[in-house]
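Participant: Quick one: this structure, given as structure tokens, is what I'll be asking you about.
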Amino acid sequence: MIKITEEMLVSLSEEAKTTKRKRKNFNFHKEDSEILQRMLNALEPTTYVRPHKHINPDKKEIFVLLKGKIAVVEFDDFGNITEKIILSHELKNYAAEITPAAWHTVIAFESGSVYYEVKEGPYDITIDKIFAPWAPEEGFSQVDEYLKRIISNL
């Protein structure tokens, strides 16, 4: 049995705070070849998940909020927001399923935010995702302004 405890969430969040990217995942699946990929993702508000999509094959992806507050955002091919939801226990919004082949990102609003992710496998780093050409690359100076613009449209 796999158990997800408060201690596990806090520990993963503390690890995320110490990483350069301010995020950390913990995989429950043992092999990248598994058909069902399951993981915890801890995010800090300063992290940037560059918008991306999963194609060849298109993959379903589900985010279930366990702790904190995050936004899940989908975009069209030009970077316009098409769907959005703030996941928060306070708002009573708990999960979102990404439309297959949709550009998407996740934004953390609270320190210690953690969500459970389920994604179709297998995982192959060379073809897993395509990054949106209209979104700045991770680490570039335009990231802060880009995130502010997205957040202002939520």
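By order of appearance in the structure tokens: chains A, B, ..., then residues from 1 within every chain, and ligands from 1 in the order shown.
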Run DSSP on the backbone and grab whatever in range 73-137 of chain A lands in strand (DSSP E or B); send it over as a VMD selection string.
Facilitator: chain A and resid 73 to 75 81 to 88 93 95 to 98 103 to 108 113 to 120 130 to 131
Participant: Would you mind exporting the chosen residues as a compact mmCIF listing (two decimals), in the first residue's frame, restricted to N, CA, C and O atoms?
Facilitator:
# COMPACT_ATOMS: atom_id res chain seq x y z
N VAL A 73 -3.57 25.95 -15.81
CA VAL A 73 -3.95 26.80 -16.93
C VAL A 73 -3.69 26.09 -18.24
O VAL A 73 -2.63 25.49 -18.43
N GLU A 74 -4.66 26.16 -19.16
CA GLU A 74 -4.49 25.66 -20.52
C GLU A 74 -4.48 26.85 -21.48
O GLU A 74 -5.12 27.87 -21.23
N PHE A 75 -3.76 26.68 -22.60
CA PHE A 75 -3.59 27.74 -23.59
C PHE A 75 -3.90 27.21 -24.98
O PHE A 75 -3.79 26.01 -25.24
N ILE A 81 -5.05 32.14 -22.89
CA ILE A 81 -5.65 31.24 -21.90
C ILE A 81 -7.01 30.77 -22.41
O ILE A 81 -7.85 31.59 -22.79
N THR A 82 -7.20 29.44 -22.42
CA THR A 82 -8.48 28.87 -22.85
C THR A 82 -9.26 28.26 -21.70
O THR A 82 -10.47 28.21 -21.72
N GLU A 83 -8.54 27.76 -20.70
CA GLU A 83 -9.16 27.16 -19.51
C GLU A 83 -8.28 27.47 -18.32
O GLU A 83 -7.05 27.55 -18.45
N LYS A 84 -8.90 27.60 -17.16
CA LYS A 84 -8.13 27.87 -15.94
C LYS A 84 -8.94 27.46 -14.73
O LYS A 84 -10.18 27.47 -14.77
N ILE A 85 -8.24 27.10 -13.69
CA ILE A 85 -8.88 26.80 -12.42
C ILE A 85 -7.86 27.02 -11.30
O ILE A 85 -6.68 26.71 -11.48
N ILE A 86 -8.32 27.57 -10.22
CA ILE A 86 -7.49 27.69 -9.02
C ILE A 86 -7.88 26.51 -8.14
O ILE A 86 -9.05 26.37 -7.76
N LEU A 87 -6.92 25.64 -7.88
CA LEU A 87 -7.17 24.50 -6.99
C LEU A 87 -6.84 24.94 -5.57
O LEU A 87 -5.74 25.40 -5.29
N SER A 88 -7.84 24.81 -4.70
CA SER A 88 -7.71 25.25 -3.32
C SER A 88 -8.80 24.58 -2.49
O SER A 88 -9.97 24.55 -2.92
N ASN A 93 -12.18 23.60 -4.87
CA ASN A 93 -11.72 23.11 -6.18
C ASN A 93 -10.54 22.20 -5.90
O ASN A 93 -9.52 22.64 -5.38
N ALA A 95 -9.31 19.31 -8.13
CA ALA A 95 -8.56 18.58 -9.15
C ALA A 95 -8.89 19.13 -10.54
O ALA A 95 -9.90 19.81 -10.73
N ALA A 96 -8.00 18.81 -11.48
CA ALA A 96 -8.21 19.19 -12.88
C ALA A 96 -7.58 18.12 -13.76
O ALA A 96 -6.52 17.58 -13.43
N GLU A 97 -8.24 17.84 -14.87
CA GLU A 97 -7.68 16.95 -15.88
C GLU A 97 -7.36 17.78 -17.12
O GLU A 97 -8.21 18.49 -17.64
N ILE A 98 -6.12 17.69 -17.55
CA ILE A 98 -5.66 18.44 -18.72
C ILE A 98 -6.24 17.80 -19.98
O ILE A 98 -6.23 16.57 -20.13
N TRP A 103 -1.63 22.83 -24.48
CA TRP A 103 -0.56 23.54 -23.81
C TRP A 103 -1.04 23.81 -22.38
O TRP A 103 -2.20 24.20 -22.19
N HIS A 104 -0.18 23.65 -21.40
CA HIS A 104 -0.60 23.88 -20.02
C HIS A 104 0.58 24.21 -19.11
O HIS A 104 1.73 23.96 -19.45
N THR A 105 0.22 24.78 -17.97
CA THR A 105 1.20 25.06 -16.92
C THR A 105 0.52 24.95 -15.57
O THR A 105 -0.71 24.90 -15.49
N VAL A 106 1.34 24.97 -14.53
CA VAL A 106 0.88 24.96 -13.15
C VAL A 106 1.63 26.07 -12.43
O VAL A 106 2.84 26.22 -12.60
N ILE A 107 0.89 26.84 -11.62
CA ILE A 107 1.49 27.95 -10.87
C ILE A 107 1.13 27.79 -9.41
O ILE A 107 -0.05 27.62 -9.07
N ALA A 108 2.13 27.85 -8.54
CA ALA A 108 1.89 27.76 -7.09
C ALA A 108 1.66 29.15 -6.52
O ALA A 108 2.39 30.08 -6.82
N SER A 113 2.83 24.04 -1.45
CA SER A 113 1.78 23.45 -2.30
C SER A 113 2.26 22.12 -2.88
O SER A 113 3.38 22.01 -3.35
N VAL A 114 1.38 21.13 -2.81
CA VAL A 114 1.69 19.79 -3.31
C VAL A 114 0.46 19.23 -4.01
O VAL A 114 -0.65 19.32 -3.50
N TYR A 115 0.68 18.66 -5.19
CA TYR A 115 -0.40 17.97 -5.87
C TYR A 115 0.04 16.58 -6.28
O TYR A 115 1.22 16.29 -6.43
N TYR A 116 -0.96 15.71 -6.42
CA TYR A 116 -0.76 14.33 -6.88
C TYR A 116 -1.05 14.35 -8.38
O TYR A 116 -2.09 14.84 -8.81
N GLU A 117 -0.11 13.85 -9.14
CA GLU A 117 -0.24 13.83 -10.60
C GLU A 117 -0.32 12.40 -11.10
O GLU A 117 0.44 11.54 -10.68
N VAL A 118 -1.25 12.20 -12.02
CA VAL A 118 -1.37 10.93 -12.72
C VAL A 118 -1.29 11.24 -14.20
O VAL A 118 -1.99 12.13 -14.70
N LYS A 119 -0.39 10.55 -14.89
CA LYS A 119 -0.20 10.79 -16.32
C LYS A 119 0.00 9.46 -17.02
O LYS A 119 0.65 8.56 -16.49
N GLU A 120 -0.51 9.38 -18.23
CA GLU A 120 -0.29 8.18 -19.02
C GLU A 120 1.19 8.04 -19.35
O GLU A 120 1.86 9.03 -19.63
N ILE A 130 6.65 18.97 -25.35
CA ILE A 130 7.09 20.03 -26.25
C ILE A 130 6.82 21.34 -25.53
O ILE A 130 5.70 21.56 -25.05
N PHE A 131 7.83 22.20 -25.46
CA PHE A 131 7.65 23.48 -24.79
C PHE A 131 7.04 24.49 -25.75
O PHE A 131 7.36 24.51 -26.94
Participant: Using only C-alpha atoms, I'd like a table of the residues in range 5-61 of chain A that come within 9 Å of range 141-146 of chain A; for each, show the closest atom pair and its distance in Å rounded to one decimal, ordered by chain and ascending number, as a tab-separated table.
Facilitator:
residue	atom	partner	partner_atom	distance
A:Thr46	CA	A:Asp144	CA	8.8
A:Tyr48	CA	A:Val143	CA	7.4
A:Arg50	CA	A:Val143	CA	8.9
Participant: Generate the output file for the selected residues, all heavy atoms, as a compact mmCIF listing (two decimals), in the first residue's frame.
Facilitator:
# COMPACT_ATOMS: atom_id res chain seq x y z
N THR A 46 7.80 30.65 -6.34
CA THR A 46 8.79 31.22 -7.26
C THR A 46 9.18 30.29 -8.40
O THR A 46 9.99 30.67 -9.24
CB THR A 46 10.05 31.64 -6.49
OG1 THR A 46 10.54 30.50 -5.77
CG2 THR A 46 9.75 32.77 -5.52
N TYR A 48 8.81 28.15 -11.93
CA TYR A 48 8.21 28.38 -13.24
C TYR A 48 8.16 27.06 -13.99
O TYR A 48 9.18 26.45 -14.26
CB TYR A 48 9.05 29.40 -14.02
CG TYR A 48 8.66 29.58 -15.47
CD1 TYR A 48 7.38 29.98 -15.85
CD2 TYR A 48 9.60 29.37 -16.48
CE1 TYR A 48 7.04 30.17 -17.18
CE2 TYR A 48 9.27 29.57 -17.82
CZ TYR A 48 7.99 29.96 -18.16
OH TYR A 48 7.67 30.15 -19.49
N ARG A 50 7.37 25.92 -17.40
CA ARG A 50 7.15 26.46 -18.74
C ARG A 50 5.98 25.73 -19.41
O ARG A 50 5.91 24.49 -19.39
CB ARG A 50 8.42 26.28 -19.59
CG ARG A 50 8.29 26.94 -20.95
CD ARG A 50 9.58 26.83 -21.73
NE ARG A 50 9.44 27.47 -23.03
CZ ARG A 50 10.33 27.35 -24.00
NH1 ARG A 50 11.43 26.63 -23.82
NH2 ARG A 50 10.13 27.95 -25.16
Participant: Just want the 12 Å neighbourhood of Met39 in chain A, counted on only C-alpha atoms, with same-chain residues fewer than 5 positions away dropped. Output as JSON, numbers by chain.
Facilitator: {"A": [2, 4, 9, 12, 24, 25, 26, 27, 28, 29, 30, 32, 61, 62, 63, 64, 66, 114, 115, 116, 117, 118, 119, 120]}
Participant: In chain A, what's alpha helix (DSSP H) per DSSP? Answer as a PyMOL selection string?
Facilitator: chain A and resi 6-18+143-152
Participant: Let me make sure I understand: among A:Ile55, A:Leu154, A:Gly68, A:Lys22, which one has the smallest atom-to-atom distance to Thr126 in chain A if we use only C-alpha atoms?
Facilitator: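 Counting only C-alpha atoms, the residue closest to Thr126 in chain A is A:Ile55.
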Participant: Which residue gives the smallest distance to Asn153 in chain A among A:Val49, A:Ala16, A:Ala71, A:Ala135, with only C-alpha atoms counted?
Facilitator: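 Closest to Asn153 in chain A, using only C-alpha atoms: A:Ala71.
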Participant: Find, counting only C-alpha atoms, the residue in A:Met8, A:Leu43, A:Met1, A:Ala132 that gets nearest to Lys20 in chain A.
Facilitator: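 Of the candidates, the smallest distance to Lys20 in chain A is held by A:Leu43.
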Participant: Could you check how far CA of Lys69 in chain A sits from CA of Thr18 in chain A, in Å to one decimal?
Facilitator: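 CA of Lys69 in chain A sits 19.6 Å away from CA of Thr18 in chain A.
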Participant: Which of these, A:Asn41, A:Ser33, A:Asn80, A:Thr99, has the shortest distance to Lys60 in chain A once you count only C-alpha atoms?
Facilitator: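 The shortest atom-to-atom distance to Lys60 in chain A comes from A:Thr99.
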Participant: Quick one: pull the distance between CA of Leu40 in chain A and CA of Leu91 in chain A, Å, one decimal.
Facilitator: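 Interatomic distance, CA of Leu40 in chain A to CA of Leu91 in chain A: 21.2 Å.
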Participant: Fewer than 5 positions away in the same chain doesn't count, so skip those; otherwise give me all residues within 9 Å of Tyr123 in chain A, counting only C-alpha atoms, as a PyMOL selection string.
Facilitator: chain A and resi 31-35+37+128
Participant: For N, CA and C atoms, I'd like the residues from the last selection saved as an mmCIF file, in the first residue's frame.
Facilitator:
data_model
loop_
_atom_site.group_PDB
_atom_site.id
_atom_site.type_symbol
_atom_site.label_atom_id
_atom_site.label_comp_id
_atom_site.auth_asym_id
_atom_site.auth_seq_id
_atom_site.Cartn_x
_atom_site.Cartn_y
_atom_site.Cartn_z
ATOM 1 N N GLU A 31 9.215 2.354 -12.702
ATOM 2 C CA GLU A 31 9.897 2.334 -14.004
ATOM 3 C C GLU A 31 9.292 3.383 -14.928
ATOM 4 N N ASP A 32 10.116 4.010 -15.737
ATOM 5 C CA ASP A 32 9.624 4.967 -16.729
ATOM 6 C C ASP A 32 8.723 4.294 -17.756
ATOM 7 N N SER A 33 8.869 2.995 -17.911
ATOM 8 C CA SER A 33 8.088 2.256 -18.900
ATOM 9 C C SER A 33 6.660 1.959 -18.436
ATOM 10 N N GLU A 34 6.342 2.219 -17.176
ATOM 11 C CA GLU A 34 4.990 1.922 -16.677
ATOM 12 C C GLU A 34 3.949 2.744 -17.433
ATOM 13 N N ILE A 35 2.810 2.122 -17.671
ATOM 14 C CA ILE A 35 1.719 2.732 -18.418
ATOM 15 C C ILE A 35 1.057 3.861 -17.629
ATOM 16 N N GLN A 37 1.849 6.669 -14.853
ATOM 17 C CA GLN A 37 2.852 7.418 -14.096
ATOM 18 C C GLN A 37 2.130 8.133 -12.949
ATOM 19 N N ASP A 128 8.678 13.316 -24.295
ATOM 20 C CA ASP A 128 7.601 13.492 -23.315
ATOM 21 C C ASP A 128 6.833 14.793 -23.498
#
Participant: Please measure the separation of CA of Ser11 in chain A and CA of Arg38 in chain A, giving the value in Å to one decimal.
Facilitator: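 Atom-to-atom, CA of Ser11 in chain A to CA of Arg38 in chain A, that is 18.0 Å.
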Participant: Using only C-alpha atoms for the distances, tell me which of A:Thr19, A:Pro122, A:Ala102, A:Ile151 is nearest to Leu36 in chain A.
Facilitator: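 Among the listed residues, A:Pro122 lies closest to Leu36 in chain A.
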